[in-house]
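> model.cif is the file, holding mmCIF, N, CA and C atoms:
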```cif
data_target
#
loop_
_atom_site.label_atom_id
_atom_site.label_comp_id
_atom_site.auth_asym_id
_atom_site.auth_seq_id
_atom_site.Cartn_x
_atom_site.Cartn_y
_atom_site.Cartn_z
N MET A 1 -4.09 15.66 -0.16
CA MET A 1 -4.88 14.45 -0.24
C MET A 1 -6.34 14.82 -0.04
N SER A 2 -7.21 14.27 -0.87
CA SER A 2 -8.63 14.54 -0.73
C SER A 2 -9.24 13.56 0.26
N ASN A 3 -10.51 13.68 0.46
CA ASN A 3 -11.21 12.80 1.38
C ASN A 3 -12.00 11.72 0.65
N ALA A 4 -11.72 11.51 -0.63
CA ALA A 4 -12.47 10.54 -1.41
C ALA A 4 -12.11 9.10 -1.05
N TRP A 5 -10.88 8.88 -0.60
CA TRP A 5 -10.43 7.52 -0.28
C TRP A 5 -9.43 7.62 0.86
N GLU A 6 -9.59 6.81 1.88
CA GLU A 6 -8.70 6.83 3.03
C GLU A 6 -7.90 5.53 3.12
N ILE A 7 -6.62 5.66 3.26
CA ILE A 7 -5.73 4.51 3.47
C ILE A 7 -5.30 4.56 4.92
N ILE A 8 -5.48 3.46 5.62
CA ILE A 8 -5.10 3.41 7.03
C ILE A 8 -3.94 2.42 7.21
N ASN A 9 -3.31 2.46 8.38
CA ASN A 9 -2.17 1.58 8.64
C ASN A 9 -2.52 0.12 8.46
N GLU A 10 -3.75 -0.26 8.76
CA GLU A 10 -4.15 -1.65 8.59
C GLU A 10 -4.10 -2.08 7.13
N ASP A 11 -4.36 -1.15 6.21
CA ASP A 11 -4.26 -1.46 4.77
C ASP A 11 -2.80 -1.74 4.39
N ILE A 12 -1.91 -0.92 4.90
CA ILE A 12 -0.48 -1.11 4.63
C ILE A 12 0.00 -2.40 5.29
N ASP A 13 -0.43 -2.61 6.53
CA ASP A 13 -0.03 -3.83 7.25
C ASP A 13 -0.52 -5.09 6.54
N HIS A 14 -1.69 -5.03 5.91
CA HIS A 14 -2.20 -6.18 5.17
C HIS A 14 -1.22 -6.60 4.08
N VAL A 15 -0.70 -5.64 3.35
CA VAL A 15 0.27 -5.92 2.29
C VAL A 15 1.58 -6.42 2.90
N LEU A 16 2.04 -5.74 3.93
CA LEU A 16 3.29 -6.14 4.57
C LEU A 16 3.20 -7.54 5.17
N TYR A 17 2.08 -7.85 5.80
CA TYR A 17 1.91 -9.17 6.40
C TYR A 17 1.99 -10.26 5.34
N ALA A 18 1.41 -10.01 4.18
CA ALA A 18 1.48 -10.98 3.08
C ALA A 18 2.93 -11.22 2.65
N HIS A 19 3.78 -10.23 2.89
CA HIS A 19 5.20 -10.34 2.54
C HIS A 19 6.06 -10.69 3.77
N GLY A 20 5.41 -11.06 4.87
CA GLY A 20 6.13 -11.54 6.04
C GLY A 20 6.71 -10.48 6.95
N THR A 21 6.14 -9.28 6.93
CA THR A 21 6.64 -8.23 7.82
C THR A 21 5.46 -7.38 8.30
N SER A 22 5.74 -6.28 8.97
CA SER A 22 4.71 -5.38 9.47
C SER A 22 5.24 -3.96 9.54
N ILE A 23 4.35 -3.00 9.73
CA ILE A 23 4.77 -1.61 9.85
C ILE A 23 5.72 -1.46 11.03
N SER A 24 5.38 -2.04 12.18
CA SER A 24 6.23 -1.86 13.35
C SER A 24 7.62 -2.46 13.13
N LYS A 25 7.70 -3.59 12.44
CA LYS A 25 9.00 -4.19 12.15
C LYS A 25 9.80 -3.29 11.20
N LEU A 26 9.15 -2.76 10.17
CA LEU A 26 9.84 -1.86 9.24
C LEU A 26 10.31 -0.59 9.95
N GLU A 27 9.46 -0.05 10.82
CA GLU A 27 9.84 1.16 11.55
C GLU A 27 11.09 0.91 12.38
N ASP A 28 11.18 -0.27 12.98
CA ASP A 28 12.34 -0.62 13.80
C ASP A 28 13.57 -0.93 12.95
N ASP A 29 13.39 -1.64 11.85
CA ASP A 29 14.51 -2.15 11.06
C ASP A 29 15.05 -1.16 10.02
N VAL A 30 14.18 -0.44 9.34
CA VAL A 30 14.64 0.40 8.22
C VAL A 30 14.09 1.82 8.27
N ASP A 31 13.63 2.25 9.42
CA ASP A 31 13.15 3.62 9.58
C ASP A 31 12.02 3.96 8.61
N PHE A 32 11.06 3.06 8.47
CA PHE A 32 9.90 3.27 7.61
C PHE A 32 8.94 4.25 8.27
N ASN A 33 8.42 5.19 7.50
CA ASN A 33 7.41 6.12 7.97
C ASN A 33 6.32 6.18 6.91
N ALA A 34 5.16 5.64 7.22
CA ALA A 34 4.08 5.56 6.24
C ALA A 34 3.70 6.92 5.68
N ASP A 35 3.73 7.96 6.50
CA ASP A 35 3.32 9.28 6.04
C ASP A 35 4.27 9.85 4.98
N SER A 36 5.53 9.52 5.06
CA SER A 36 6.47 10.06 4.07
C SER A 36 6.88 9.03 3.02
N ASP A 37 6.72 7.75 3.31
CA ASP A 37 7.17 6.72 2.38
C ASP A 37 6.07 6.18 1.46
N ILE A 38 4.83 6.55 1.71
CA ILE A 38 3.71 6.13 0.86
C ILE A 38 3.10 7.37 0.21
N ASP A 39 2.94 7.32 -1.11
CA ASP A 39 2.31 8.41 -1.85
C ASP A 39 0.81 8.14 -1.90
N TYR A 40 0.10 8.68 -0.93
CA TYR A 40 -1.34 8.43 -0.80
C TYR A 40 -2.13 8.97 -1.98
N ASP A 41 -1.72 10.12 -2.50
CA ASP A 41 -2.43 10.72 -3.63
C ASP A 41 -2.36 9.84 -4.87
N GLU A 42 -1.19 9.27 -5.13
CA GLU A 42 -1.03 8.38 -6.28
C GLU A 42 -1.94 7.16 -6.16
N ILE A 43 -2.02 6.61 -4.97
CA ILE A 43 -2.88 5.45 -4.74
C ILE A 43 -4.34 5.83 -4.90
N GLU A 44 -4.72 6.95 -4.32
CA GLU A 44 -6.10 7.40 -4.42
C GLU A 44 -6.51 7.62 -5.88
N ASP A 45 -5.64 8.24 -6.67
CA ASP A 45 -5.94 8.47 -8.08
C ASP A 45 -6.21 7.15 -8.80
N ALA A 46 -5.40 6.14 -8.51
CA ALA A 46 -5.58 4.82 -9.14
C ALA A 46 -6.87 4.16 -8.67
N VAL A 47 -7.13 4.23 -7.39
CA VAL A 47 -8.31 3.58 -6.80
C VAL A 47 -9.60 4.16 -7.38
N LEU A 48 -9.62 5.46 -7.57
CA LEU A 48 -10.85 6.12 -8.02
C LEU A 48 -11.16 5.87 -9.49
N ASN A 49 -10.31 5.13 -10.19
CA ASN A 49 -10.63 4.69 -11.54
C ASN A 49 -11.63 3.54 -11.53
N TYR A 50 -11.87 2.97 -10.38
CA TYR A 50 -12.80 1.84 -10.24
C TYR A 50 -14.05 2.29 -9.49
N THR A 51 -15.18 1.68 -9.81
CA THR A 51 -16.42 2.01 -9.12
C THR A 51 -16.83 0.93 -8.13
N ASP A 52 -16.40 -0.30 -8.36
CA ASP A 52 -16.72 -1.39 -7.46
C ASP A 52 -15.79 -1.34 -6.25
N PHE A 53 -16.36 -1.42 -5.05
CA PHE A 53 -15.56 -1.30 -3.82
C PHE A 53 -14.48 -2.37 -3.74
N ASP A 54 -14.80 -3.61 -4.05
CA ASP A 54 -13.81 -4.69 -3.99
C ASP A 54 -12.66 -4.44 -4.96
N ASP A 55 -12.97 -3.92 -6.13
CA ASP A 55 -11.93 -3.57 -7.10
C ASP A 55 -11.05 -2.44 -6.56
N GLN A 56 -11.67 -1.47 -5.89
CA GLN A 56 -10.91 -0.38 -5.31
C GLN A 56 -9.94 -0.89 -4.24
N VAL A 57 -10.40 -1.78 -3.40
CA VAL A 57 -9.55 -2.34 -2.35
C VAL A 57 -8.40 -3.14 -2.97
N ASP A 58 -8.71 -3.96 -3.98
CA ASP A 58 -7.65 -4.73 -4.65
C ASP A 58 -6.62 -3.80 -5.28
N CYS A 59 -7.08 -2.75 -5.91
CA CYS A 59 -6.18 -1.78 -6.53
C CYS A 59 -5.32 -1.09 -5.47
N MET A 60 -5.92 -0.71 -4.35
CA MET A 60 -5.18 -0.06 -3.28
C MET A 60 -4.04 -0.95 -2.79
N HIS A 61 -4.35 -2.22 -2.53
CA HIS A 61 -3.31 -3.13 -2.05
C HIS A 61 -2.20 -3.29 -3.09
N SER A 62 -2.56 -3.37 -4.34
CA SER A 62 -1.57 -3.49 -5.41
C SER A 62 -0.67 -2.27 -5.47
N LYS A 63 -1.25 -1.09 -5.37
CA LYS A 63 -0.47 0.15 -5.47
C LYS A 63 0.41 0.36 -4.23
N ILE A 64 -0.09 -0.01 -3.07
CA ILE A 64 0.75 0.04 -1.86
C ILE A 64 1.94 -0.88 -2.04
N GLU A 65 1.67 -2.09 -2.51
CA GLU A 65 2.73 -3.06 -2.74
C GLU A 65 3.75 -2.53 -3.75
N ASP A 66 3.28 -1.95 -4.85
CA ASP A 66 4.19 -1.38 -5.86
C ASP A 66 5.15 -0.37 -5.24
N GLN A 67 4.61 0.51 -4.41
CA GLN A 67 5.45 1.54 -3.80
C GLN A 67 6.45 0.93 -2.81
N LEU A 68 6.01 -0.04 -2.03
CA LEU A 68 6.91 -0.67 -1.06
C LEU A 68 8.03 -1.45 -1.75
N ILE A 69 7.71 -2.10 -2.86
CA ILE A 69 8.73 -2.82 -3.64
C ILE A 69 9.69 -1.81 -4.28
N ALA A 70 9.15 -0.74 -4.86
CA ALA A 70 9.99 0.26 -5.53
C ALA A 70 10.97 0.91 -4.57
N LYS A 71 10.59 1.05 -3.30
CA LYS A 71 11.47 1.68 -2.31
C LYS A 71 12.27 0.65 -1.51
N ASP A 72 12.23 -0.60 -1.96
CA ASP A 72 13.00 -1.68 -1.34
C ASP A 72 12.63 -1.96 0.12
N PHE A 73 11.40 -1.69 0.50
CA PHE A 73 10.95 -2.06 1.84
C PHE A 73 10.53 -3.53 1.88
N ILE A 74 10.08 -4.04 0.74
CA ILE A 74 9.75 -5.46 0.61
C ILE A 74 10.28 -5.94 -0.74
N GLU A 75 10.41 -7.25 -0.86
CA GLU A 75 10.85 -7.84 -2.11
C GLU A 75 9.67 -8.53 -2.78
N GLY A 76 9.77 -8.67 -4.10
CA GLY A 76 8.76 -9.42 -4.84
C GLY A 76 8.87 -10.87 -4.51
N PRO A 77 8.06 -11.69 -5.06
CA PRO A 77 7.19 -11.40 -6.19
C PRO A 77 5.95 -10.63 -5.76
N LYS A 78 5.33 -10.01 -6.72
CA LYS A 78 4.11 -9.27 -6.48
C LYS A 78 2.97 -10.23 -6.14
N LEU A 79 2.25 -9.91 -5.06
CA LEU A 79 1.16 -10.76 -4.59
C LEU A 79 -0.22 -10.16 -4.85
N PHE A 80 -0.27 -8.85 -5.10
CA PHE A 80 -1.55 -8.16 -5.29
C PHE A 80 -1.58 -7.56 -6.69
N LYS A 81 -2.74 -7.62 -7.33
CA LYS A 81 -2.89 -7.07 -8.69
C LYS A 81 -4.14 -6.22 -8.77
N CYS A 82 -4.06 -5.20 -9.60
CA CYS A 82 -5.26 -4.41 -9.91
C CYS A 82 -6.17 -5.23 -10.78
N PRO A 83 -7.46 -5.08 -10.61
CA PRO A 83 -8.42 -5.83 -11.44
C PRO A 83 -8.30 -5.50 -12.91
#
```
Would you give me this structure, written as structure tokens?


Amino acid sequence: MSNAWEIINEDIDHVLYAHGTSISKLEDDVDFNADSDIDYDEIEDAVLNYTDFDDQVDCMHSKIEDQLIAKDFIEGPKLFKCP
């Protein structure tokens, strides 16, 4: 992972909260581990396609959500979209 974009637990929690859960609840219920269950490099690659900071944040939330849905940690519908 490069240092061009940093994803912190609060970013992941923002997406989870919108879906009615949190990192701590997932860790307790389904053995979620952000370091191994989130592909930070994939998200960073997508985020860096945008130059506007707000667009980057929106993209980050969307990509986090995509990964959490794909791994069945949360259910749709999708709440976040890339610009």

> Tell me, in Å to one decimal, how far atom CA of Ala34 of chain A is from atom CA of Trp5 of chain A.

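If I compute the distance from atom CA of Ala34 of chain A to atom CA of Trp5 of chain A, I get 16.0 Å.
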
> Write out as a PDB file with N, CA and C atoms, in the coordinates of the input all residues of chain A that DSSP puts in alpha helix (DSSP H) for this structure's backbone.


```pdb
ATOM      1  N   ASN A   9      -3.310   2.460   8.380  1.00  0.00           N
ATOM      2  CA  ASN A   9      -2.170   1.580   8.640  1.00  0.00           C
ATOM      3  C   ASN A   9      -2.520   0.120   8.460  1.00  0.00           C
ATOM      4  N   GLU A  10      -3.750  -0.260   8.760  1.00  0.00           N
ATOM      5  CA  GLU A  10      -4.150  -1.650   8.590  1.00  0.00           C
ATOM      6  C   GLU A  10      -4.100  -2.080   7.130  1.00  0.00           C
ATOM      7  N   ASP A  11      -4.360  -1.150   6.210  1.00  0.00           N
ATOM      8  CA  ASP A  11      -4.260  -1.460   4.770  1.00  0.00           C
ATOM      9  C   ASP A  11      -2.800  -1.740   4.390  1.00  0.00           C
ATOM     10  N   ILE A  12      -1.910  -0.920   4.900  1.00  0.00           N
ATOM     11  CA  ILE A  12      -0.480  -1.110   4.630  1.00  0.00           C
ATOM     12  C   ILE A  12       0.000  -2.400   5.290  1.00  0.00           C
ATOM     13  N   ASP A  13      -0.430  -2.610   6.530  1.00  0.00           N
ATOM     14  CA  ASP A  13      -0.030  -3.830   7.250  1.00  0.00           C
ATOM     15  C   ASP A  13      -0.520  -5.090   6.540  1.00  0.00           C
ATOM     16  N   HIS A  14      -1.690  -5.030   5.910  1.00  0.00           N
ATOM     17  CA  HIS A  14      -2.200  -6.180   5.170  1.00  0.00           C
ATOM     18  C   HIS A  14      -1.220  -6.600   4.080  1.00  0.00           C
ATOM     19  N   VAL A  15      -0.700  -5.640   3.350  1.00  0.00           N
ATOM     20  CA  VAL A  15       0.270  -5.920   2.290  1.00  0.00           C
ATOM     21  C   VAL A  15       1.580  -6.420   2.900  1.00  0.00           C
ATOM     22  N   LEU A  16       2.040  -5.740   3.930  1.00  0.00           N
ATOM     23  CA  LEU A  16       3.290  -6.140   4.570  1.00  0.00           C
ATOM     24  C   LEU A  16       3.200  -7.540   5.170  1.00  0.00           C
ATOM     25  N   TYR A  17       2.080  -7.850   5.800  1.00  0.00           N
ATOM     26  CA  TYR A  17       1.910  -9.170   6.400  1.00  0.00           C
ATOM     27  C   TYR A  17       1.990 -10.260   5.340  1.00  0.00           C
ATOM     28  N   ALA A  18       1.410 -10.010   4.180  1.00  0.00           N
ATOM     29  CA  ALA A  18       1.480 -10.980   3.080  1.00  0.00           C
ATOM     30  C   ALA A  18       2.930 -11.220   2.650  1.00  0.00           C
ATOM     31  N   ILE A  23       4.350  -3.000   9.730  1.00  0.00           N
ATOM     32  CA  ILE A  23       4.770  -1.610   9.850  1.00  0.00           C
ATOM     33  C   ILE A  23       5.720  -1.460  11.030  1.00  0.00           C
ATOM     34  N   SER A  24       5.380  -2.040  12.180  1.00  0.00           N
ATOM     35  CA  SER A  24       6.230  -1.860  13.350  1.00  0.00           C
ATOM     36  C   SER A  24       7.620  -2.460  13.130  1.00  0.00           C
ATOM     37  N   LYS A  25       7.700  -3.590  12.440  1.00  0.00           N
ATOM     38  CA  LYS A  25       9.000  -4.190  12.150  1.00  0.00           C
ATOM     39  C   LYS A  25       9.800  -3.290  11.200  1.00  0.00           C
ATOM     40  N   LEU A  26       9.150  -2.760  10.170  1.00  0.00           N
ATOM     41  CA  LEU A  26       9.840  -1.860   9.240  1.00  0.00           C
ATOM     42  C   LEU A  26      10.310  -0.590   9.950  1.00  0.00           C
ATOM     43  N   GLU A  27       9.460  -0.050  10.820  1.00  0.00           N
ATOM     44  CA  GLU A  27       9.840   1.160  11.550  1.00  0.00           C
ATOM     45  C   GLU A  27      11.090   0.910  12.380  1.00  0.00           C
ATOM     46  N   ASP A  28      11.180  -0.270  12.980  1.00  0.00           N
ATOM     47  CA  ASP A  28      12.340  -0.620  13.800  1.00  0.00           C
ATOM     48  C   ASP A  28      13.570  -0.930  12.950  1.00  0.00           C
ATOM     49  N   ASP A  29      13.390  -1.640  11.850  1.00  0.00           N
ATOM     50  CA  ASP A  29      14.510  -2.150  11.060  1.00  0.00           C
ATOM     51  C   ASP A  29      15.050  -1.160  10.020  1.00  0.00           C
ATOM     52  N   VAL A  30      14.180  -0.440   9.340  1.00  0.00           N
ATOM     53  CA  VAL A  30      14.640   0.400   8.220  1.00  0.00           C
ATOM     54  C   VAL A  30      14.090   1.820   8.270  1.00  0.00           C
ATOM     55  N   ALA A  34       5.160   5.640   7.220  1.00  0.00           N
ATOM     56  CA  ALA A  34       4.080   5.560   6.240  1.00  0.00           C
ATOM     57  C   ALA A  34       3.700   6.920   5.680  1.00  0.00           C
ATOM     58  N   ASP A  35       3.730   7.960   6.500  1.00  0.00           N
ATOM     59  CA  ASP A  35       3.320   9.280   6.040  1.00  0.00           C
ATOM     60  C   ASP A  35       4.270   9.850   4.980  1.00  0.00           C
ATOM     61  N   SER A  36       5.530   9.520   5.060  1.00  0.00           N
ATOM     62  CA  SER A  36       6.470  10.060   4.070  1.00  0.00           C
ATOM     63  C   SER A  36       6.880   9.030   3.020  1.00  0.00           C
ATOM     64  N   ASP A  37       6.720   7.750   3.310  1.00  0.00           N
ATOM     65  CA  ASP A  37       7.170   6.720   2.380  1.00  0.00           C
ATOM     66  C   ASP A  37       6.070   6.180   1.460  1.00  0.00           C
ATOM     67  N   TYR A  40       0.100   8.680  -0.930  1.00  0.00           N
ATOM     68  CA  TYR A  40      -1.340   8.430  -0.800  1.00  0.00           C
ATOM     69  C   TYR A  40      -2.130   8.970  -1.980  1.00  0.00           C
ATOM     70  N   ASP A  41      -1.720  10.120  -2.500  1.00  0.00           N
ATOM     71  CA  ASP A  41      -2.430  10.720  -3.630  1.00  0.00           C
ATOM     72  C   ASP A  41      -2.360   9.840  -4.870  1.00  0.00           C
ATOM     73  N   GLU A  42      -1.190   9.270  -5.130  1.00  0.00           N
ATOM     74  CA  GLU A  42      -1.030   8.380  -6.280  1.00  0.00           C
ATOM     75  C   GLU A  42      -1.940   7.160  -6.160  1.00  0.00           C
ATOM     76  N   ILE A  43      -2.020   6.610  -4.970  1.00  0.00           N
ATOM     77  CA  ILE A  43      -2.880   5.450  -4.740  1.00  0.00           C
ATOM     78  C   ILE A  43      -4.340   5.830  -4.900  1.00  0.00           C
ATOM     79  N   GLU A  44      -4.720   6.950  -4.320  1.00  0.00           N
ATOM     80  CA  GLU A  44      -6.100   7.400  -4.420  1.00  0.00           C
ATOM     81  C   GLU A  44      -6.510   7.620  -5.880  1.00  0.00           C
ATOM     82  N   ASP A  45      -5.640   8.240  -6.670  1.00  0.00           N
ATOM     83  CA  ASP A  45      -5.940   8.470  -8.080  1.00  0.00           C
ATOM     84  C   ASP A  45      -6.210   7.150  -8.800  1.00  0.00           C
ATOM     85  N   ALA A  46      -5.400   6.140  -8.510  1.00  0.00           N
ATOM     86  CA  ALA A  46      -5.580   4.820  -9.140  1.00  0.00           C
ATOM     87  C   ALA A  46      -6.870   4.160  -8.670  1.00  0.00           C
ATOM     88  N   VAL A  47      -7.130   4.230  -7.390  1.00  0.00           N
ATOM     89  CA  VAL A  47      -8.310   3.580  -6.800  1.00  0.00           C
ATOM     90  C   VAL A  47      -9.600   4.160  -7.380  1.00  0.00           C
ATOM     91  N   PHE A  53     -16.360  -1.420  -5.050  1.00  0.00           N
ATOM     92  CA  PHE A  53     -15.560  -1.300  -3.820  1.00  0.00           C
ATOM     93  C   PHE A  53     -14.480  -2.370  -3.740  1.00  0.00           C
ATOM     94  N   ASP A  54     -14.800  -3.610  -4.050  1.00  0.00           N
ATOM     95  CA  ASP A  54     -13.810  -4.690  -3.990  1.00  0.00           C
ATOM     96  C   ASP A  54     -12.660  -4.440  -4.960  1.00  0.00           C
ATOM     97  N   ASP A  55     -12.970  -3.920  -6.130  1.00  0.00           N
ATOM     98  CA  ASP A  55     -11.930  -3.570  -7.100  1.00  0.00           C
ATOM     99  C   ASP A  55     -11.050  -2.440  -6.560  1.00  0.00           C
ATOM    100  N   GLN A  56     -11.670  -1.470  -5.890  1.00  0.00           N
ATOM    101  CA  GLN A  56     -10.910  -0.380  -5.310  1.00  0.00           C
ATOM    102  C   GLN A  56      -9.940  -0.890  -4.240  1.00  0.00           C
ATOM    103  N   VAL A  57     -10.400  -1.780  -3.400  1.00  0.00           N
ATOM    104  CA  VAL A  57      -9.550  -2.340  -2.350  1.00  0.00           C
ATOM    105  C   VAL A  57      -8.400  -3.140  -2.970  1.00  0.00           C
ATOM    106  N   ASP A  58      -8.710  -3.960  -3.980  1.00  0.00           N
ATOM    107  CA  ASP A  58      -7.650  -4.730  -4.650  1.00  0.00           C
ATOM    108  C   ASP A  58      -6.620  -3.800  -5.280  1.00  0.00           C
ATOM    109  N   CYS A  59      -7.080  -2.750  -5.910  1.00  0.00           N
ATOM    110  CA  CYS A  59      -6.180  -1.780  -6.530  1.00  0.00           C
ATOM    111  C   CYS A  59      -5.320  -1.090  -5.470  1.00  0.00           C
ATOM    112  N   MET A  60      -5.920  -0.710  -4.350  1.00  0.00           N
ATOM    113  CA  MET A  60      -5.180  -0.060  -3.280  1.00  0.00           C
ATOM    114  C   MET A  60      -4.040  -0.950  -2.790  1.00  0.00           C
ATOM    115  N   HIS A  61      -4.350  -2.220  -2.530  1.00  0.00           N
ATOM    116  CA  HIS A  61      -3.310  -3.130  -2.050  1.00  0.00           C
ATOM    117  C   HIS A  61      -2.200  -3.290  -3.090  1.00  0.00           C
ATOM    118  N   SER A  62      -2.560  -3.370  -4.340  1.00  0.00           N
ATOM    119  CA  SER A  62      -1.570  -3.490  -5.410  1.00  0.00           C
ATOM    120  C   SER A  62      -0.670  -2.270  -5.470  1.00  0.00           C
ATOM    121  N   LYS A  63      -1.250  -1.090  -5.370  1.00  0.00           N
ATOM    122  CA  LYS A  63      -0.470   0.150  -5.470  1.00  0.00           C
ATOM    123  C   LYS A  63       0.410   0.360  -4.230  1.00  0.00           C
ATOM    124  N   ILE A  64      -0.090  -0.010  -3.070  1.00  0.00           N
ATOM    125  CA  ILE A  64       0.750   0.040  -1.860  1.00  0.00           C
ATOM    126  C   ILE A  64       1.940  -0.880  -2.040  1.00  0.00           C
ATOM    127  N   GLU A  65       1.670  -2.090  -2.510  1.00  0.00           N
ATOM    128  CA  GLU A  65       2.730  -3.060  -2.740  1.00  0.00           C
ATOM    129  C   GLU A  65       3.750  -2.530  -3.750  1.00  0.00           C
ATOM    130  N   ASP A  66       3.280  -1.950  -4.850  1.00  0.00           N
ATOM    131  CA  ASP A  66       4.190  -1.380  -5.860  1.00  0.00           C
ATOM    132  C   ASP A  66       5.150  -0.370  -5.240  1.00  0.00           C
ATOM    133  N   GLN A  67       4.610   0.510  -4.410  1.00  0.00           N
ATOM    134  CA  GLN A  67       5.450   1.540  -3.800  1.00  0.00           C
ATOM    135  C   GLN A  67       6.450   0.930  -2.810  1.00  0.00           C
ATOM    136  N   LEU A  68       6.010  -0.040  -2.030  1.00  0.00           N
ATOM    137  CA  LEU A  68       6.910  -0.670  -1.060  1.00  0.00           C
ATOM    138  C   LEU A  68       8.030  -1.450  -1.750  1.00  0.00           C
ATOM    139  N   ILE A  69       7.710  -2.100  -2.860  1.00  0.00           N
ATOM    140  CA  ILE A  69       8.730  -2.820  -3.640  1.00  0.00           C
ATOM    141  C   ILE A  69       9.690  -1.810  -4.280  1.00  0.00           C
ATOM    142  N   ALA A  70       9.150  -0.740  -4.860  1.00  0.00           N
ATOM    143  CA  ALA A  70       9.990   0.260  -5.530  1.00  0.00           C
ATOM    144  C   ALA A  70      10.970   0.910  -4.570  1.00  0.00           C
TER     145      ALA A  70
END
```

> What is the distance between atom N of Glu75 of chain A and atom N of Asn49 of chain A, in Å to one decimal?

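Separation of atom N of Glu75 of chain A and atom N of Asn49 of chain A: 25.9 Å.
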
> So which one's closest to Leu16 of chain A, A:Cys82, A:Ile74, A:Ala46, A:Val30? Using all atoms listed in the file, please.

A:Ile74

> Could you spell out the hits of the PyMOL selection byres (((chain A and resi 63 and name CA) around 10) and name CA) on the shown file, as a PyMOL selection string?

chain A and resi 15+38-40+42-44+46-47+57-62+64-69+80-82

> What separation in Å, quoted to one decimal, exists between atom CA of Gly76 of chain A and atom CA of Ala4 of chain A?

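Interatomic distance here is 29.3 Å.
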
> Give the padded box for segment 1-16 of chain A as lines of an AutoDock Vina configuration file: axis-aligned, covering all atoms listed in the file, 4 Å on each side, centre and edge lengths in Å to one decimal.


```
center_x = -4.6
center_y = 4.1
center_z = 3.7
size_x = 23.8
size_y = 31.2
size_z = 18.2
```

> Considering only C-alpha atoms, state which residue in the set A:Lys78, A:Phe73, A:Asp45, A:Ile7 is at the smallest distance from Lys25 of chain A.

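For Lys25 of chain A, the nearest of the candidates is A:Phe73.
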
> Please determine, counting only C-alpha atoms, which residue among A:Asn9, A:Asp72, A:Pro83, A:Asp55 has the shortest atom-to-atom distance to Asp35 of chain A.

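When distances to Asp35 of chain A are compared using only C-alpha atoms, the smallest one comes from A:Asn9.
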
> Give as a list in words the residues that the PyMOL selection byres (((chain A and resi 23 and name CA) around 10) and name CA) matches when applied to the coordinates above.

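So the PyMOL selection byres (((chain A and resi 23 and name CA) around 10) and name CA), applied here, picks out Asn9, Glu10, Ile12, Asp13, His14, Val15, Leu16, Tyr17, Thr21, Ser22, Ser24, Lys25, Leu26, Glu27, Asp28, Asp29, Asp31, Phe32, Asn33 and Ala34 of chain A.
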
> Only C-alpha atoms, as a PDB file, in the first residue's frame: that is what I want for segment 38-49 of chain A.


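Below you can see out18.pdb, which holds the result:
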```
ATOM      1  CA  ILE A  38     -10.544  -4.858   3.075  1.00  0.00           C
ATOM      2  CA  ASP A  39      -8.381  -4.524  -0.046  1.00  0.00           C
ATOM      3  CA  TYR A  40      -6.895  -1.096   0.615  1.00  0.00           C
ATOM      4  CA  ASP A  41      -4.853  -1.051  -2.591  1.00  0.00           C
ATOM      5  CA  GLU A  42      -7.935  -1.615  -4.755  1.00  0.00           C
ATOM      6  CA  ILE A  43      -9.728   1.255  -3.026  1.00  0.00           C
ATOM      7  CA  GLU A  44      -6.726   3.546  -3.302  1.00  0.00           C
ATOM      8  CA  ASP A  45      -6.394   2.835  -7.033  1.00  0.00           C
ATOM      9  CA  ALA A  46     -10.048   3.800  -7.556  1.00  0.00           C
ATOM     10  CA  VAL A  47      -9.833   6.896  -5.356  1.00  0.00           C
ATOM     11  CA  LEU A  48      -6.790   8.260  -7.154  1.00  0.00           C
ATOM     12  CA  ASN A  49      -8.760   8.421 -10.416  1.00  0.00           C
TER      13      ASN A  49
END
```
